[in-house]
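Trainee: I'd like to ask you about the structure that follows.
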Amino acid sequence: MWQVIGASTQGTSHIRFGSPCQDAHGYQVLENCVIAAVADGLGSAAKSDEGAKLAIGKTLDELVQALAGNQPDNTENWIQALSNAFAQARQSLEQTAETSSLPLREYGTTLIAVVVTPNWLAVGHIGDGAVVALIEDDTLETVSAPQRGEYANEVTPLTAQNALDFVRFSARPISVKAVALLSDGLQNLSINAATRTPYAPFFTPFFDAIGQVIDIDETSKQLADFLDSERICSKTDDDKTLVVVGKVQPEREKLYSDAKVE
Amino acid sequence: MAIDFNKVQFDTSNPEPRCPCVLVLDTSGSMGGAPISELNAGLQAFKDALSKDELAMLRVEVAIITFGPVNVAQDFVTANQFMPPTLDTTGDTPMGTAINLALDKINDRKQVYKQNGISYYRPWVFLITDGAPTDGDVWRTAAQRVQEAETKKKVVFFAVGVEGADMNILGQISSRQSLKLRGLNFRDMFVWLSSSLSSVSRSKPGEDVPLQSPMGWGNV
């Protein structure tokens with residue numbers, strides 16, 4: 001059984017300058033599989049909040065359809081499924097831009113999509129933000145690190161020319177306990193910029209909790225409050241998104257393992 | 001079981017991204033008197049303006065190269081450690097050599113950033129002169145390097161001419177429109193520079209920073 005919590009909150013600099021929250025996230029819990037996505041609309045793009053939401057909606061729809069039948073059973077097919085979804089997301093941005101008679105770049109957004117199954121972890125990623133996973137053997141790993149250009153304010157969005165060539169895809173036959181997707185507003189607080197290793201004291205409280213049955217709606221609200229808290233906002237003025245996917249330990253197994261510890 | 005958000009800790013080891021800026025300043029004999037004292041006052045105004053922005057104080061890095069002769073008057077320091085020097089005038093105008101050194105220092109600085117996992121913004125070079133190069137044709141190769149660096153988005157290069165400057169040569173060095181300083185209004189120019197660097201140093205991925213108009217201190 002899978003559980004997901006998630007929240008996107010507006011950065012203090014966005015509030016100050018009257019720009020909307022340009023981060024967005026979404027997820028779908030299917031039978032034996034979770035699809036989750038995070039997008040961060042570009043600050044320089046007028047409709048990037050819409051772009052982020054559109055990209056997520058389309059990616060989730062495409063992946064739900066693609067996984068409805070047989071799930072891929074090799075790396076190549078997983079990557080094919082993800083790259084189709086990214087291509088569709090890009091196309092939906094192109095169509096919307098055309099309908100609104102706006103340049104495509106006004107819908108500029110990053111996009112991270114993750115599929116978690118009992119045996120596979122598949123990721124597609126363009127732009128910054130990151131994916132961190134707690135693998136079955138309890139190692140904590142940055143599965144997909146922030147993608148950046150030479151400069152700190154440079155990023156390749158899904159709307160860039162040949163963007164699909166820049167999307168980083170990966171699919172590994174591994175079992176994970178939990179996965180976190182985050183936007184760049186949380187990047188510096190949670191991942192070492194030089195080594196790209198996850199900062200365990202950031203992720204552990206989330207990963208510990210998501211493995212046990214929790215009230216999803218209530219916890220997502222608490223997560224939003226946390227992302228809006230002074231503790232976070234004193235360290236980042238950008239929009240912030242965190243989505244945490246977890247595999248709930250079957251209760252009987254848990255009791256058994258607890259008993260073993262005693 | 002609920003999440004104990006108070007237990008969530010933050011990685012505080014990540015350094016601030018840096019926004020390097022090299023001032024390439026003409027301190028040749030002709031800058032003597034009012035020009036150099038206004039330039040020195042301008043440097044102080046630069047520091048004061050940067051001091052009003054906490055983030056810029058941590059992110060903007062300043063280096064100063066003076067010419068003639070070519071000298072590193074200030075190696076890269078973050079704005080909070082920058083103490084404006086009092087510059088004197090002497091010698092001729094080896095502008096080309098000074099520009100070359102500025103570009104070299106930027107390349108070296110980028111290496112230091114990379115080795116230490118520090119992210120950075122596109123470096124700025126700000127050339128101020130009241131004359132014409134006296135180091136032969138060195139300025140021509142320097143100009144070529146500047147143009148190439150601009151095309152490849154390696155630097156942002158501005159040339160500002162004080163009364164007496166050869167604006168034609170400045171125009172050939174910088175691919176941006178060179179500016180003529182109004183009188184000796186270095187103060188407003190440096191306040192503008194500080195404000196531009198502040199905006200750049202807090203820009204986020206995918207954010208273009210539109211340049212503010214130099215109206216008030218410069219003429220095209």
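Residue numbering restarts at 1 in every chain; chains get A, B, ... in the order shown in the structure tokens, and ligands count up from 1 in that same order.
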Each residue of chain A lying at most 9 Å from chain B should get a row with its shortest atom-to-atom pair and the distance in Å to one decimal, counting only C-alpha atoms; could you produce that, ordered by chain and increasing number, as a Markdown table?

Mentor:
```
| residue | atom | partner | partner_atom | distance |
| --- | --- | --- | --- | --- |
| A:Gly41 | CA | B:Gly206 | CA | 8.7 |
| A:Leu42 | CA | B:Gly206 | CA | 5.2 |
| A:Gly43 | CA | B:Glu207 | CA | 5.1 |
| A:Ser44 | CA | B:Glu207 | CA | 4.5 |
| A:Ala45 | CA | B:Glu207 | CA | 7.9 |
| A:Gly108 | CA | B:Gly206 | CA | 8.4 |
| A:Thr109 | CA | B:Gly206 | CA | 8.7 |
| A:Gly127 | CA | B:Pro205 | CA | 8.8 |
| A:Asp128 | CA | B:Pro205 | CA | 8.0 |
| A:Arg148 | CA | B:Pro205 | CA | 8.3 |
| A:Glu150 | CA | B:Tyr120 | CA | 7.7 |
| A:Tyr151 | CA | B:Tyr121 | CA | 4.8 |
| A:Ala152 | CA | B:Tyr120 | CA | 5.1 |
| A:Asn153 | CA | B:Pro205 | CA | 3.7 |
| A:Glu154 | CA | B:Pro205 | CA | 4.9 |
| A:Val155 | CA | B:Gly206 | CA | 5.3 |
| A:Thr156 | CA | B:Gly206 | CA | 7.6 |
| A:Pro157 | CA | B:Gly206 | CA | 7.8 |
| A:Asp184 | CA | B:Pro205 | CA | 8.7 |
| A:Asn188 | CA | B:Asn14 | CA | 6.3 |
| A:Leu189 | CA | B:Asp11 | CA | 4.8 |
| A:Ser190 | CA | B:Asp11 | CA | 5.6 |
| A:Ile191 | CA | B:Asp11 | CA | 6.9 |
| A:Asn192 | CA | B:Asn14 | CA | 6.2 |
| A:Ala193 | CA | B:Gly117 | CA | 6.1 |
| A:Ala194 | CA | B:Gly117 | CA | 4.1 |
| A:Thr195 | CA | B:Gly117 | CA | 7.7 |
| A:Pro198 | CA | B:Asp11 | CA | 8.9 |
| A:Tyr199 | CA | B:Asp11 | CA | 6.0 |
| A:Ala200 | CA | B:Gln9 | CA | 8.5 |
| A:Pro201 | CA | B:Gln9 | CA | 5.2 |
| A:Phe202 | CA | B:Gln9 | CA | 4.8 |
| A:Phe203 | CA | B:Val8 | CA | 7.2 |
| A:Thr204 | CA | B:Val8 | CA | 7.7 |
| A:Pro205 | CA | B:Val8 | CA | 6.1 |
| A:Phe206 | CA | B:Ile3 | CA | 6.3 |
| A:Asp208 | CA | B:Ile3 | CA | 8.1 |
| A:Ala209 | CA | B:Ile3 | CA | 5.6 |
| A:Ile210 | CA | B:Ile3 | CA | 8.2 |
| A:Gln212 | CA | B:Met1 | CA | 7.0 |
| A:Val213 | CA | B:Met1 | CA | 7.2 |
| A:Ile214 | CA | B:Met1 | CA | 6.1 |
| A:Asp215 | CA | B:Ala2 | CA | 8.0 |
| A:Thr219 | CA | B:Ala2 | CA | 7.2 |
| A:Gln222 | CA | B:Phe5 | CA | 8.5 |
| A:Leu223 | CA | B:Phe5 | CA | 8.0 |
| A:Phe226 | CA | B:Phe5 | CA | 6.9 |
| A:Ile232 | CA | B:Phe10 | CA | 8.9 |
| A:Asp238 | CA | B:Lys204 | CA | 8.0 |
```

Trainee: Find the spatial neighbours of segment 56-65 of chain B, counting only C-alpha atoms, within a cut-off of 7 Å - ignore same-chain residues fewer than 6 positions away - and output them as a list of chain:residue names.

Mentor: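 Listed by chain and then number, they are B:Glu16, B:Pro17, B:Arg18, B:Cys19, B:Pro20, B:Cys21, B:Val22, B:Leu23, B:Val24, B:Leu25, B:Leu50, B:Asn71, B:Val72, B:Ala73, B:Gln74, B:Asp75, B:Phe76, B:Val77, B:Thr78, B:Ala79, B:Asn80, B:Ala98, B:Leu197, B:Ser198, B:Ser201.
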
Trainee: Please, could you write that set of residues out with N, CA, C and O atoms as a short mmCIF file (atom, residue, chain, number, x, y, z; two decimals), in the first residue's frame?

Mentor:
```
data_model
loop_
_atom_site.label_atom_id
_atom_site.label_comp_id
_atom_site.auth_asym_id
_atom_site.auth_seq_id
_atom_site.Cartn_x
_atom_site.Cartn_y
_atom_site.Cartn_z
N GLU B 16 26.56 30.50 -0.31
CA GLU B 16 25.75 31.39 -1.14
C GLU B 16 26.30 31.40 -2.56
O GLU B 16 27.51 31.35 -2.75
N PRO B 17 25.44 31.48 -3.56
CA PRO B 17 25.95 31.65 -4.92
C PRO B 17 26.63 33.01 -5.03
O PRO B 17 26.27 33.93 -4.28
N ARG B 18 27.61 33.13 -5.90
CA ARG B 18 28.38 34.38 -5.99
C ARG B 18 28.12 35.10 -7.30
O ARG B 18 27.86 34.48 -8.33
N CYS B 19 28.22 36.41 -7.21
CA CYS B 19 28.03 37.27 -8.37
C CYS B 19 29.28 38.16 -8.49
O CYS B 19 29.36 39.21 -7.86
N PRO B 20 30.30 37.70 -9.25
CA PRO B 20 31.56 38.41 -9.29
C PRO B 20 31.52 39.64 -10.20
O PRO B 20 30.89 39.62 -11.25
N CYS B 21 32.21 40.70 -9.77
CA CYS B 21 32.28 41.92 -10.55
C CYS B 21 33.70 42.48 -10.47
O CYS B 21 34.23 42.66 -9.38
N VAL B 22 34.33 42.69 -11.64
CA VAL B 22 35.67 43.28 -11.66
C VAL B 22 35.56 44.72 -12.15
O VAL B 22 35.03 44.99 -13.22
N LEU B 23 36.05 45.63 -11.33
CA LEU B 23 36.13 47.03 -11.74
C LEU B 23 37.51 47.23 -12.35
O LEU B 23 38.51 46.91 -11.72
N VAL B 24 37.56 47.71 -13.59
CA VAL B 24 38.83 47.97 -14.26
C VAL B 24 38.94 49.48 -14.39
O VAL B 24 38.25 50.10 -15.20
N LEU B 25 39.77 50.07 -13.53
CA LEU B 25 39.73 51.52 -13.35
C LEU B 25 41.00 52.21 -13.85
O LEU B 25 42.12 51.80 -13.51
N LEU B 50 25.77 48.70 -1.55
CA LEU B 50 25.74 47.25 -1.37
C LEU B 50 25.36 46.88 0.06
O LEU B 50 24.66 45.90 0.31
N ASN B 71 47.64 46.91 -12.06
CA ASN B 71 47.82 46.47 -10.68
C ASN B 71 46.50 45.92 -10.14
O ASN B 71 45.44 46.44 -10.44
N VAL B 72 46.60 44.81 -9.36
CA VAL B 72 45.39 44.31 -8.70
C VAL B 72 45.26 45.07 -7.38
O VAL B 72 45.95 44.78 -6.41
N ALA B 73 44.41 46.07 -7.37
CA ALA B 73 44.25 46.90 -6.16
C ALA B 73 43.40 46.17 -5.13
O ALA B 73 43.50 46.46 -3.93
N GLN B 74 42.57 45.24 -5.60
CA GLN B 74 41.71 44.48 -4.69
C GLN B 74 41.41 43.14 -5.36
O GLN B 74 40.84 43.11 -6.44
N ASP B 75 41.83 42.04 -4.68
CA ASP B 75 41.46 40.73 -5.22
C ASP B 75 40.02 40.44 -4.80
O ASP B 75 39.48 41.14 -3.96
N PHE B 76 39.40 39.40 -5.41
CA PHE B 76 37.99 39.13 -5.14
C PHE B 76 37.69 38.99 -3.64
O PHE B 76 38.32 38.18 -2.95
N VAL B 77 36.76 39.79 -3.16
CA VAL B 77 36.23 39.62 -1.80
C VAL B 77 34.71 39.77 -1.89
O VAL B 77 34.20 40.47 -2.77
N THR B 78 34.00 39.12 -0.96
CA THR B 78 32.55 39.35 -0.93
C THR B 78 32.32 40.78 -0.43
O THR B 78 33.15 41.34 0.29
N ALA B 79 31.20 41.35 -0.83
CA ALA B 79 30.94 42.77 -0.57
C ALA B 79 31.05 43.11 0.91
O ALA B 79 31.49 44.21 1.27
N ASN B 80 30.67 42.14 1.78
CA ASN B 80 30.74 42.46 3.22
C ASN B 80 32.17 42.62 3.72
O ASN B 80 32.40 43.15 4.80
N ALA B 98 45.13 45.58 -18.93
CA ALA B 98 44.23 45.54 -17.76
C ALA B 98 42.98 44.71 -18.06
O ALA B 98 42.53 43.91 -17.23
N LEU B 197 23.68 44.71 -9.59
CA LEU B 197 24.27 43.47 -9.05
C LEU B 197 23.36 42.85 -7.99
O LEU B 197 23.25 41.62 -7.89
N SER B 198 22.69 43.69 -7.21
CA SER B 198 21.73 43.18 -6.21
C SER B 198 20.64 42.38 -6.90
O SER B 198 20.29 41.29 -6.45
N SER B 201 22.02 39.11 -8.21
CA SER B 201 22.44 38.16 -7.19
C SER B 201 21.27 37.50 -6.46
O SER B 201 21.46 36.55 -5.73
#
```

Trainee: Just want the 9 Å neighbourhood of Ser220 of chain A, counted on only C-alpha atoms, with same-chain residues fewer than 6 positions away dropped. Output as a PyMOL selection string.

Mentor: chain A and resi 4-7

Trainee: Check segment 178-228 of chain A with DSSP on the backbone and list each residue it calls strand (DSSP E), as an mmCIF file with N, CA and C atoms, in the first residue's frame.

Mentor:
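Written output follows (out.cif):
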```cif
data_model
loop_
_atom_site.group_PDB
_atom_site.id
_atom_site.type_symbol
_atom_site.label_atom_id
_atom_site.label_comp_id
_atom_site.auth_asym_id
_atom_site.auth_seq_id
_atom_site.Cartn_x
_atom_site.Cartn_y
_atom_site.Cartn_z
ATOM 1 N N ALA A 178 10.787 4.843 0.293
ATOM 2 C CA ALA A 178 10.176 6.168 0.189
ATOM 3 C C ALA A 178 10.923 6.998 -0.848
ATOM 4 N N VAL A 179 10.218 7.967 -1.413
ATOM 5 C CA VAL A 179 10.808 8.861 -2.405
ATOM 6 C C VAL A 179 10.310 10.273 -2.143
ATOM 7 N N ALA A 180 11.203 11.255 -2.273
ATOM 8 C CA ALA A 180 10.797 12.652 -2.140
ATOM 9 C C ALA A 180 11.107 13.390 -3.436
ATOM 10 N N LEU A 181 10.158 14.216 -3.875
ATOM 11 C CA LEU A 181 10.378 15.113 -5.013
ATOM 12 C C LEU A 181 10.346 16.529 -4.457
ATOM 13 N N LEU A 182 11.299 17.357 -4.850
ATOM 14 C CA LEU A 182 11.291 18.714 -4.323
ATOM 15 C C LEU A 182 11.662 19.730 -5.400
#
```

Trainee: May I ask for the distance between atom CA of Cys33 of chain A and atom CA of Gln88 of chain A, given in Å to one decimal place?

Mentor: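 Between these atoms lies a distance of 20.9 Å.
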
Trainee: Quick one: pull the distance between atom CA of Leu134 of chain A and atom CA of Arg172 of chain A, Å, one decimal.

Mentor: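 That distance, rounded to one decimal, is 13.7 Å.
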